[in-house]
>>> print(open('final23.cif').read())   # mmCIF, C-alpha atoms and all ligand atoms
data_coords
loop_
_atom_site.label_atom_id
_atom_site.label_comp_id
_atom_site.auth_asym_id
_atom_site.auth_seq_id
_atom_site.Cartn_x
_atom_site.Cartn_y
_atom_site.Cartn_z
CA MET A 1 29.34 -32.20 -30.76
CA LYS A 2 28.89 -35.50 -32.53
CA ARG A 3 28.30 -37.26 -29.20
CA LEU A 4 25.69 -34.70 -28.22
CA PHE A 5 23.93 -35.28 -31.53
CA ILE A 6 23.88 -39.05 -30.98
CA LEU A 7 22.58 -38.53 -27.46
CA ILE A 8 19.74 -36.32 -28.75
CA VAL A 9 18.84 -38.91 -31.40
CA LEU A 10 18.79 -41.67 -28.77
CA LEU A 11 16.70 -39.59 -26.38
CA SER A 12 14.16 -38.74 -29.03
CA PHE A 13 13.84 -42.44 -29.94
CA ALA A 14 13.38 -43.27 -26.26
CA SER A 15 10.72 -40.62 -25.81
CA ALA A 16 8.89 -41.78 -28.94
CA PHE A 17 8.69 -45.25 -27.43
CA ALA A 18 7.78 -43.92 -24.00
CA GLN A 19 4.95 -41.84 -25.51
CA ASP A 20 3.38 -44.88 -27.14
CA LYS A 21 2.36 -46.72 -24.01
CA HIS A 22 0.04 -48.88 -26.08
CA ALA A 23 2.58 -50.21 -28.57
CA THR A 24 1.24 -53.47 -27.15
CA LEU A 25 -2.23 -53.68 -25.61
CA THR A 26 -3.42 -56.71 -23.67
CA VAL A 27 -6.95 -57.36 -22.42
CA GLY A 28 -7.51 -60.82 -20.99
CA THR A 29 -5.86 -63.31 -23.35
CA ALA A 30 -6.02 -60.89 -26.32
CA THR A 31 -2.73 -59.10 -27.05
CA ALA A 32 -2.34 -56.83 -30.07
CA GLN A 33 0.72 -54.91 -31.28
CA ARG A 34 0.27 -51.63 -33.16
CA GLY A 35 -1.48 -52.32 -36.45
CA GLN A 36 -2.93 -55.65 -35.30
CA ALA A 37 -6.19 -57.05 -33.97
CA SER A 38 -6.46 -59.96 -31.57
CA SER A 39 -9.40 -61.83 -30.06
CA GLY A 40 -9.45 -63.74 -26.79
CA VAL A 41 -11.31 -63.92 -23.52
CA ILE A 42 -11.45 -62.21 -20.15
CA HIS A 43 -11.43 -65.09 -17.72
CA VAL A 44 -13.77 -64.89 -14.75
CA PRO A 45 -12.41 -67.34 -12.17
CA ALA A 46 -14.74 -69.78 -10.39
CA GLY A 47 -15.79 -68.81 -6.87
CA SER A 48 -18.95 -69.60 -4.93
CA ASP A 49 -20.39 -70.44 -8.37
CA ALA A 50 -18.93 -71.27 -11.79
CA GLY A 51 -16.42 -69.18 -13.68
CA TYR A 52 -16.72 -68.32 -17.39
CA ASP A 53 -14.98 -66.52 -20.23
CA ILE A 54 -16.11 -63.14 -21.63
CA PRO A 55 -15.21 -62.68 -25.32
CA VAL A 56 -12.99 -59.67 -26.09
CA THR A 57 -11.30 -58.24 -29.19
CA VAL A 58 -8.48 -55.71 -29.07
CA VAL A 59 -8.02 -53.63 -32.24
CA ASN A 60 -4.72 -51.80 -31.87
CA GLY A 61 -4.56 -49.09 -34.54
CA ALA A 62 -1.45 -48.49 -36.63
CA LYS A 63 -1.05 -45.00 -35.13
CA PRO A 64 -1.10 -44.01 -31.45
CA GLY A 65 -4.20 -42.38 -30.00
CA PRO A 66 -6.81 -42.86 -27.30
CA VAL A 67 -8.19 -46.17 -26.05
CA LEU A 68 -11.94 -46.51 -26.60
CA ALA A 69 -13.90 -49.30 -24.91
CA LEU A 70 -17.13 -50.49 -26.56
CA VAL A 71 -19.19 -52.83 -24.40
CA SER A 72 -22.57 -54.50 -24.95
CA GLY A 73 -24.57 -57.49 -23.79
CA ALA A 74 -24.68 -56.77 -20.06
CA HIS A 75 -28.23 -57.82 -20.76
CA GLY A 76 -27.74 -60.78 -23.07
CA THR A 77 -31.13 -60.59 -24.80
CA GLU A 78 -30.81 -56.95 -25.84
CA TYR A 79 -29.83 -58.47 -29.14
CA ALA A 80 -29.55 -55.43 -31.43
CA SER A 81 -26.75 -53.96 -29.29
CA ILE A 82 -24.82 -57.24 -29.31
CA ILE A 83 -25.22 -57.69 -33.06
CA ALA A 84 -24.14 -54.07 -33.55
CA LEU A 85 -20.71 -54.75 -32.01
CA GLU A 86 -20.43 -58.06 -33.89
CA LYS A 87 -21.07 -56.14 -37.14
CA LEU A 88 -18.68 -53.38 -36.14
CA LEU A 89 -15.74 -55.75 -35.55
CA PRO A 90 -14.90 -56.51 -39.21
CA ALA A 91 -15.27 -52.78 -40.01
CA LEU A 92 -12.47 -51.88 -37.58
CA SER A 93 -9.32 -52.00 -39.69
CA PRO A 94 -6.17 -51.46 -37.58
CA ALA A 95 -4.44 -49.75 -40.54
CA GLN A 96 -7.07 -46.98 -40.52
CA ILE A 97 -7.26 -46.44 -36.77
CA SER A 98 -5.35 -44.02 -34.53
CA GLY A 99 -5.52 -45.43 -31.01
CA SER A 100 -7.04 -48.66 -29.81
CA VAL A 101 -10.50 -50.13 -29.48
CA ILE A 102 -11.41 -52.72 -26.84
CA VAL A 103 -14.61 -54.47 -27.96
CA VAL A 104 -16.60 -56.57 -25.47
CA PRO A 105 -19.77 -57.56 -27.35
CA LEU A 106 -21.33 -59.97 -24.84
CA VAL A 107 -20.75 -59.57 -21.11
CA ASN A 108 -23.69 -61.70 -19.98
CA LEU A 109 -23.11 -64.97 -21.79
CA ALA A 110 -25.53 -67.03 -19.65
CA SER A 111 -28.39 -64.60 -20.36
CA PHE A 112 -27.73 -64.89 -24.09
CA GLU A 113 -27.38 -68.67 -24.11
CA GLN A 114 -30.44 -69.32 -21.96
CA LYS A 115 -32.55 -66.44 -23.39
CA VAL A 116 -33.11 -64.96 -19.93
CA PRO A 117 -33.80 -61.17 -19.92
CA HIS A 118 -32.58 -58.52 -17.45
CA VAL A 119 -30.30 -60.66 -15.27
CA ASN A 120 -27.49 -63.19 -15.23
CA PRO A 121 -29.43 -66.43 -14.56
CA VAL A 122 -26.46 -67.86 -12.63
CA ASP A 123 -26.96 -65.48 -9.67
CA ASN A 124 -30.07 -63.52 -10.70
CA LYS A 125 -28.22 -60.18 -10.71
CA SER A 126 -28.38 -57.45 -13.36
CA MET A 127 -24.96 -57.15 -14.94
CA ASN A 128 -25.25 -53.36 -14.99
CA ARG A 129 -26.01 -52.77 -11.31
CA TYR A 130 -23.07 -54.30 -9.40
CA TYR A 131 -20.06 -52.28 -10.57
CA PRO A 132 -17.21 -51.94 -9.84
CA GLY A 133 -17.59 -55.62 -9.00
CA ASN A 134 -16.07 -57.78 -6.30
CA PRO A 135 -13.56 -60.65 -6.72
CA GLN A 136 -15.12 -62.43 -3.70
CA GLY A 137 -18.76 -62.16 -4.84
CA THR A 138 -21.02 -64.25 -7.05
CA GLN A 139 -20.45 -64.64 -10.80
CA THR A 140 -21.85 -61.20 -11.71
CA ASP A 141 -19.68 -59.45 -9.09
CA ARG A 142 -16.58 -61.32 -10.22
CA ALA A 143 -17.25 -60.66 -13.92
CA LEU A 144 -17.81 -56.94 -13.37
CA TYR A 145 -14.61 -56.77 -11.29
CA GLN A 146 -12.68 -58.13 -14.29
CA ILE A 147 -14.37 -55.63 -16.65
CA THR A 148 -13.45 -52.76 -14.30
CA LYS A 149 -9.82 -53.90 -13.99
CA GLN A 150 -9.13 -54.96 -17.56
CA VAL A 151 -11.42 -52.78 -19.68
CA VAL A 152 -12.40 -49.63 -17.75
CA GLU A 153 -8.99 -49.00 -16.19
CA GLN A 154 -7.22 -49.36 -19.55
CA ALA A 155 -9.67 -47.17 -21.47
CA ASP A 156 -9.72 -43.38 -21.98
CA TYR A 157 -13.34 -43.32 -23.20
CA LEU A 158 -16.18 -45.81 -22.90
CA VAL A 159 -19.53 -46.52 -24.54
CA ASP A 160 -21.98 -48.98 -22.99
CA LEU A 161 -24.57 -50.26 -25.45
CA HIS A 162 -28.02 -51.46 -24.45
CA GLY A 163 -31.51 -51.60 -25.93
CA GLY A 164 -35.02 -52.71 -25.23
CA ASP A 165 -35.03 -56.17 -23.71
CA ILE A 166 -37.36 -59.02 -24.76
CA ASP A 167 -40.29 -57.30 -23.02
CA GLU A 168 -39.44 -53.70 -23.94
CA ASN A 169 -40.62 -51.75 -27.01
CA LEU A 170 -37.95 -49.05 -26.89
CA ARG A 171 -37.18 -45.97 -28.99
CA PRO A 172 -33.43 -45.30 -29.41
CA TYR A 173 -31.76 -42.83 -27.03
CA SER A 174 -28.47 -42.03 -25.32
CA TYR A 175 -27.72 -41.17 -21.73
CA TRP A 176 -25.55 -38.20 -20.85
CA ALA A 177 -24.68 -38.30 -17.14
CA PRO A 178 -22.82 -35.14 -16.07
CA THR A 179 -20.36 -35.58 -13.20
CA GLY A 180 -19.88 -31.96 -12.18
CA LYS A 181 -16.41 -31.83 -13.74
CA ALA A 182 -16.87 -29.24 -16.49
CA ASP A 183 -14.19 -30.45 -18.93
CA GLN A 184 -15.18 -34.09 -18.70
CA ASP A 185 -18.88 -33.25 -18.98
CA ARG A 186 -18.28 -31.15 -22.08
CA VAL A 187 -16.51 -34.08 -23.74
CA SER A 188 -19.14 -36.65 -22.75
CA LYS A 189 -21.89 -34.33 -24.00
CA GLU A 190 -20.05 -33.94 -27.31
CA MET A 191 -19.72 -37.73 -27.43
CA ALA A 192 -23.50 -38.12 -27.06
CA LEU A 193 -24.11 -35.53 -29.79
CA ALA A 194 -21.50 -37.09 -32.10
CA PHE A 195 -22.94 -40.58 -31.55
CA GLY A 196 -26.04 -39.24 -33.26
CA LEU A 197 -29.15 -40.58 -31.51
CA ASP A 198 -31.72 -37.77 -31.54
CA THR A 199 -33.03 -38.26 -28.00
CA ILE A 200 -30.68 -37.82 -25.04
CA ILE A 201 -31.57 -38.44 -21.40
CA ILE A 202 -29.82 -36.09 -18.98
CA SER A 203 -29.11 -38.58 -16.24
CA THR A 204 -28.57 -36.95 -12.84
CA GLY A 205 -28.46 -38.59 -9.45
CA ARG A 206 -25.92 -41.23 -10.43
CA PRO A 207 -23.69 -42.71 -7.70
CA THR A 208 -20.67 -40.57 -6.75
CA ASP A 209 -18.58 -43.22 -4.93
CA PRO A 210 -16.18 -44.97 -7.34
CA ASN A 211 -16.38 -48.05 -5.11
CA ALA A 212 -20.19 -48.19 -5.35
CA SER A 213 -20.66 -47.03 -8.94
CA ARG A 214 -23.37 -49.59 -9.87
CA TYR A 215 -23.37 -48.85 -13.63
CA LEU A 216 -20.58 -49.46 -16.14
CA GLU A 217 -20.77 -45.93 -17.57
CA THR A 218 -20.67 -44.43 -14.06
CA THR A 219 -17.69 -46.65 -13.18
CA ALA A 220 -15.76 -45.17 -16.08
CA SER A 221 -17.00 -41.60 -15.48
CA LEU A 222 -15.97 -41.69 -11.81
CA ARG A 223 -12.49 -42.76 -12.92
CA GLY A 224 -12.19 -39.64 -15.08
CA LYS A 225 -13.04 -41.27 -18.42
CA PRO A 226 -15.74 -39.48 -20.46
CA SER A 227 -18.45 -42.05 -21.20
CA ILE A 228 -21.97 -42.48 -22.50
CA THR A 229 -24.63 -45.17 -22.68
CA ALA A 230 -26.59 -45.66 -25.90
CA GLU A 231 -29.69 -47.80 -26.39
CA ALA A 232 -31.39 -49.09 -29.53
CA GLY A 233 -33.31 -52.26 -30.32
CA ARG A 234 -36.42 -53.80 -28.89
CA TRP A 235 -38.45 -56.87 -28.23
CA ALA A 236 -35.71 -59.43 -29.06
CA ARG A 237 -35.66 -58.10 -32.63
CA VAL A 238 -32.55 -57.32 -34.66
CA ASP A 239 -33.89 -54.53 -36.87
CA THR A 240 -31.49 -52.98 -39.37
CA ASP A 241 -32.35 -49.41 -38.34
CA ASP A 242 -31.50 -50.08 -34.71
CA VAL A 243 -28.31 -52.01 -35.44
CA ASP A 244 -27.14 -49.38 -37.95
CA ALA A 245 -27.84 -46.57 -35.47
CA LEU A 246 -25.46 -48.20 -32.97
CA VAL A 247 -22.79 -49.23 -35.51
CA ASN A 248 -22.74 -45.75 -37.07
CA GLY A 249 -22.85 -44.17 -33.62
CA CYS A 250 -19.64 -45.97 -32.62
CA LEU A 251 -17.94 -45.00 -35.90
CA ASN A 252 -19.16 -41.38 -35.54
CA LEU A 253 -17.69 -41.31 -32.04
CA MET A 254 -14.37 -42.59 -33.38
CA GLY A 255 -14.49 -39.73 -35.89
CA TYR A 256 -15.09 -37.25 -33.06
CA LEU A 257 -12.15 -38.72 -31.08
CA LYS A 258 -9.98 -38.48 -34.23
CA MET A 259 -9.43 -42.24 -34.19
CA LEU A 260 -10.85 -42.50 -37.71
CA ALA A 261 -10.79 -40.11 -40.66
CA ARG A 262 -14.56 -39.68 -40.67
CA PRO A 263 -16.54 -36.44 -40.82
CA VAL A 264 -18.44 -35.61 -37.65
CA HIS A 265 -22.08 -34.50 -37.91
CA PRO A 266 -23.29 -34.02 -34.35
CA VAL A 267 -27.06 -34.24 -33.93
CA GLU A 268 -28.16 -30.60 -33.99
CA HIS A 269 -31.38 -30.35 -32.04
CA PRO A 270 -31.82 -33.49 -29.98
CA VAL A 271 -34.77 -33.96 -27.68
CA TRP A 272 -33.27 -33.59 -24.18
CA ILE A 273 -35.08 -35.67 -21.57
CA GLU A 274 -34.71 -34.23 -18.06
CA LYS A 275 -36.66 -36.77 -16.02
CA VAL A 276 -37.57 -40.44 -16.51
CA LEU A 277 -40.77 -41.64 -14.82
CA THR A 278 -41.47 -45.34 -14.48
CA VAL A 279 -45.14 -46.38 -14.66
CA THR A 280 -45.89 -49.69 -12.92
CA SER A 281 -48.99 -51.88 -12.76
CA ASP A 282 -51.01 -52.20 -9.57
CA VAL A 283 -52.11 -55.70 -10.55
CA GLY A 284 -50.94 -58.73 -12.48
CA GLY A 285 -52.76 -59.97 -15.58
CA ILE A 286 -52.72 -59.44 -19.34
CA PHE A 287 -51.23 -56.16 -20.59
CA TYR A 288 -52.42 -54.29 -23.68
CA PRO A 289 -50.44 -51.20 -24.75
CA THR A 290 -52.43 -48.35 -26.30
CA VAL A 291 -49.46 -46.22 -27.41
CA ASP A 292 -46.28 -46.99 -29.32
CA ARG A 293 -42.67 -46.29 -28.39
CA GLY A 294 -41.77 -42.67 -29.11
CA SER A 295 -45.38 -41.43 -28.74
CA TYR A 296 -46.00 -38.14 -26.97
CA VAL A 297 -48.58 -38.43 -24.22
CA GLU A 298 -50.40 -35.87 -22.10
CA LYS A 299 -50.45 -35.93 -18.32
CA GLY A 300 -53.08 -38.51 -17.35
CA GLY A 301 -53.18 -39.94 -20.87
CA ARG A 302 -53.91 -43.64 -21.11
CA ILE A 303 -50.89 -45.69 -22.23
CA GLY A 304 -52.27 -49.20 -21.73
CA TYR A 305 -54.51 -51.40 -19.63
CA VAL A 306 -54.46 -54.74 -17.81
CA THR A 307 -57.23 -57.34 -17.85
CA ASP A 308 -57.76 -60.42 -15.74
CA TYR A 309 -57.93 -63.80 -17.46
CA ALA A 310 -61.71 -63.37 -17.93
CA GLY A 311 -61.04 -60.31 -20.08
CA ARG A 312 -62.25 -57.72 -17.54
CA THR A 313 -60.18 -54.53 -17.35
CA VAL A 314 -58.67 -54.38 -13.89
CA PHE A 315 -56.11 -51.57 -14.30
CA GLU A 316 -55.65 -48.52 -16.50
CA ALA A 317 -52.09 -47.28 -16.91
CA ARG A 318 -51.81 -43.51 -17.27
CA SER A 319 -48.89 -41.19 -17.78
CA PRO A 320 -48.04 -39.23 -14.59
CA GLU A 321 -46.80 -36.29 -16.68
CA ALA A 322 -46.70 -35.11 -20.26
CA GLY A 323 -43.77 -36.63 -22.11
CA GLU A 324 -42.40 -39.14 -24.56
CA VAL A 325 -42.81 -42.92 -24.29
CA LEU A 326 -39.16 -44.06 -24.07
CA TYR A 327 -40.29 -47.66 -23.89
CA ILE A 328 -43.44 -49.59 -23.18
CA CYS A 329 -44.01 -53.20 -22.17
CA SER A 330 -44.13 -55.28 -25.34
CA VAL A 331 -45.53 -58.57 -24.04
CA PRO A 332 -48.91 -59.53 -22.54
CA THR A 333 -47.34 -60.83 -19.31
CA MET A 334 -47.85 -58.29 -16.53
CA THR A 335 -46.98 -58.78 -12.88
CA LYS A 336 -48.10 -56.72 -9.88
CA GLY A 337 -45.54 -53.91 -9.67
CA GLY A 338 -44.20 -54.76 -13.15
CA THR A 339 -42.99 -51.98 -15.45
CA VAL A 340 -45.60 -50.70 -17.90
CA ALA A 341 -43.51 -47.91 -19.43
CA ASN A 342 -40.80 -45.32 -18.97
CA ILE A 343 -41.99 -41.78 -19.77
CA GLY A 344 -39.41 -39.07 -20.43
CA THR A 345 -40.29 -35.47 -19.67
CA ILE A 346 -38.78 -33.06 -22.16
CA ALA A 347 -36.37 -30.36 -21.00
CA SER A 348 -37.43 -26.84 -21.93
CA ARG A 349 -33.90 -25.95 -23.06
CA GLU A 350 -30.56 -27.51 -23.93
CA PRO A 351 -28.39 -28.25 -20.88
ZN ZN B 1 -29.59 -53.21 -20.90
#
>>> encode(input="final23.cif", output="structure tokens")
Amino acid sequence: MKRLFILIVLLSFASAFAQDKHATLTVGTATAQRGQASSGVIHVPAGSDAGYDIPVTVVNGAKPGPVLALVSGAHGTEYASIIALEKLLPALSPAQISGSVIVVPLVNLASFEQKVPHVNPVDNKSMNRYYPGNPQGTQTDRALYQITKQVVEQADYLVDLHGGDIDENLRPYSYWAPTGKADQDRVSKEMALAFGLDTIIISTGRPTDPNASRYLETTASLRGKPSITAEAGRWARVDTDDVDALVNGCLNLMGYLKMLARPVHPVEHPVWIEKVLTVTSDVGGIFYPTVDRGSYVEKGGRIGYVTDYAGRTVFEARSPEAGEVLYICSVPTMTKGGTVANIGTIASREP
């Protein structure tokens, strides 16, 4: 009887250890035991071009729970999203957290350092279009391969933060991209609502092949991890409202996932966007917007115009449908075929 008792005690100890598979969590060179935080780098080896190190912090909460990945800076001049994760880091106290948070605040270091929008200047590729990455490719491919292996595969949930780039006057919004798996889609929808941005784009038509997933959020979603993308910030600015929206969104999400003792107040009646239409310019020249981000425009309504360098109007940009201006070009530079604005058409009912 006594032996049986000892055996049961030993087995329950063993199962307690077995259940906590993240008693130690390692991402790149950062290793954190339960109740600790550790910062390091995810090394991207050199290949056909240079290698580099992506900064990462692992916050391993005192109590077990899910692993949440928070990533920003795929576009290194979408500054508000990068600053949001930098501000979030000191607010993540391991003692108060159940589960673990992997924070990657700046994927595209070369873009940030050289102030180059949209792409990684090393290979001219967008760092949110080449997932799941490729260890034999150029720097972007190799970096995204490391993010897939070390961050996505170790996470249970993921949030990818973006915002308006240097040339984009953007209103904050989230993307909810249903996968067709009802349980996962319910959770990701609840994540978008808990995050708290009041405009949510229903993103359909995403890739379905996990080996050609293109986007970070899709890479995680196709691996069964509920995920969202959230955007705030614009025009190279670091406005408090935008930064706070993203910081609080991440904390709200941790409340929803029961990783933090924090009340959840999901946004109640968000504007659901069912279609995003990109308006481009037929000609190059000087662009003048005539509407602001977040404006509602009618079908055919003028949203801006382009002049030549003699000041003559050579193009009028009009909205192809009635909808909301999600973002509009914020700089005078306009190229032939360049993006004038993204217009979101509003869904008639909640999905
Ligand atoms: Zn972006």
>>> closest_residue(input="final23.cif", among="A:Gly196, A:Pro55, A:Gly76, A:Pro266", to="ligand ZN 1 (chain B)", atoms="all atoms listed in the file")
A:Gly76
>>> residues_near_ligand(input="final23.cif", ligand="ligand ZN 1 (chain B)", cutoff="12 Å", atoms="only C-alpha atoms and all ligand atoms", output="mmCIF file with C-alpha atoms, in the frame of the given file")
data_model
loop_
_atom_site.group_PDB
_atom_site.id
_atom_site.type_symbol
_atom_site.label_atom_id
_atom_site.label_comp_id
_atom_site.auth_asym_id
_atom_site.auth_seq_id
_atom_site.Cartn_x
_atom_site.Cartn_y
_atom_site.Cartn_z
ATOM 1 C CA VAL A 71 -19.190 -52.830 -24.400
ATOM 2 C CA SER A 72 -22.570 -54.500 -24.950
ATOM 3 C CA GLY A 73 -24.570 -57.490 -23.790
ATOM 4 C CA ALA A 74 -24.680 -56.770 -20.060
ATOM 5 C CA HIS A 75 -28.230 -57.820 -20.760
ATOM 6 C CA GLY A 76 -27.740 -60.780 -23.070
ATOM 7 C CA THR A 77 -31.130 -60.590 -24.800
ATOM 8 C CA GLU A 78 -30.810 -56.950 -25.840
ATOM 9 C CA TYR A 79 -29.830 -58.470 -29.140
ATOM 10 C CA ALA A 80 -29.550 -55.430 -31.430
ATOM 11 C CA SER A 81 -26.750 -53.960 -29.290
ATOM 12 C CA ILE A 82 -24.820 -57.240 -29.310
ATOM 13 C CA LEU A 106 -21.330 -59.970 -24.840
ATOM 14 C CA VAL A 107 -20.750 -59.570 -21.110
ATOM 15 C CA ASN A 108 -23.690 -61.700 -19.980
ATOM 16 C CA SER A 111 -28.390 -64.600 -20.360
ATOM 17 C CA PRO A 117 -33.800 -61.170 -19.920
ATOM 18 C CA HIS A 118 -32.580 -58.520 -17.450
ATOM 19 C CA VAL A 119 -30.300 -60.660 -15.270
ATOM 20 C CA ASN A 120 -27.490 -63.190 -15.230
ATOM 21 C CA SER A 126 -28.380 -57.450 -13.360
ATOM 22 C CA MET A 127 -24.960 -57.150 -14.940
ATOM 23 C CA ASN A 128 -25.250 -53.360 -14.990
ATOM 24 C CA ARG A 129 -26.010 -52.770 -11.310
ATOM 25 C CA ASP A 160 -21.980 -48.980 -22.990
ATOM 26 C CA LEU A 161 -24.570 -50.260 -25.450
ATOM 27 C CA HIS A 162 -28.020 -51.460 -24.450
ATOM 28 C CA GLY A 163 -31.510 -51.600 -25.930
ATOM 29 C CA GLY A 164 -35.020 -52.710 -25.230
ATOM 30 C CA ASP A 165 -35.030 -56.170 -23.710
ATOM 31 C CA ILE A 166 -37.360 -59.020 -24.760
ATOM 32 C CA ASP A 167 -40.290 -57.300 -23.020
ATOM 33 C CA GLU A 168 -39.440 -53.700 -23.940
ATOM 34 C CA LEU A 170 -37.950 -49.050 -26.890
ATOM 35 C CA TYR A 215 -23.370 -48.850 -13.630
ATOM 36 C CA LEU A 216 -20.580 -49.460 -16.140
ATOM 37 C CA GLU A 217 -20.770 -45.930 -17.570
ATOM 38 C CA THR A 229 -24.630 -45.170 -22.680
ATOM 39 C CA ALA A 230 -26.590 -45.660 -25.900
ATOM 40 C CA GLU A 231 -29.690 -47.800 -26.390
ATOM 41 C CA ALA A 232 -31.390 -49.090 -29.530
ATOM 42 C CA GLY A 233 -33.310 -52.260 -30.320
ATOM 43 C CA ARG A 234 -36.420 -53.800 -28.890
ATOM 44 C CA ALA A 236 -35.710 -59.430 -29.060
#
>>> closest_residue(input="final23.cif", among="A:Glu321, A:Asp53, A:Asp282, A:Asp185", to="Val41 of chain A", atoms="only C-alpha atoms")
A:Asp53
>>> closest_residue(input="final23.cif", among="A:Ala322, A:Val58, A:Ala261, A:Val243", to="Gln154 of chain A", atoms="only C-alpha atoms")
A:Val58
>>> closest_residue(input="final23.cif", among="A:Ala192, A:Ile54, A:Lys63, A:Ala46", to="Gln19 of chain A", atoms="all atoms listed in the file")
A:Lys63
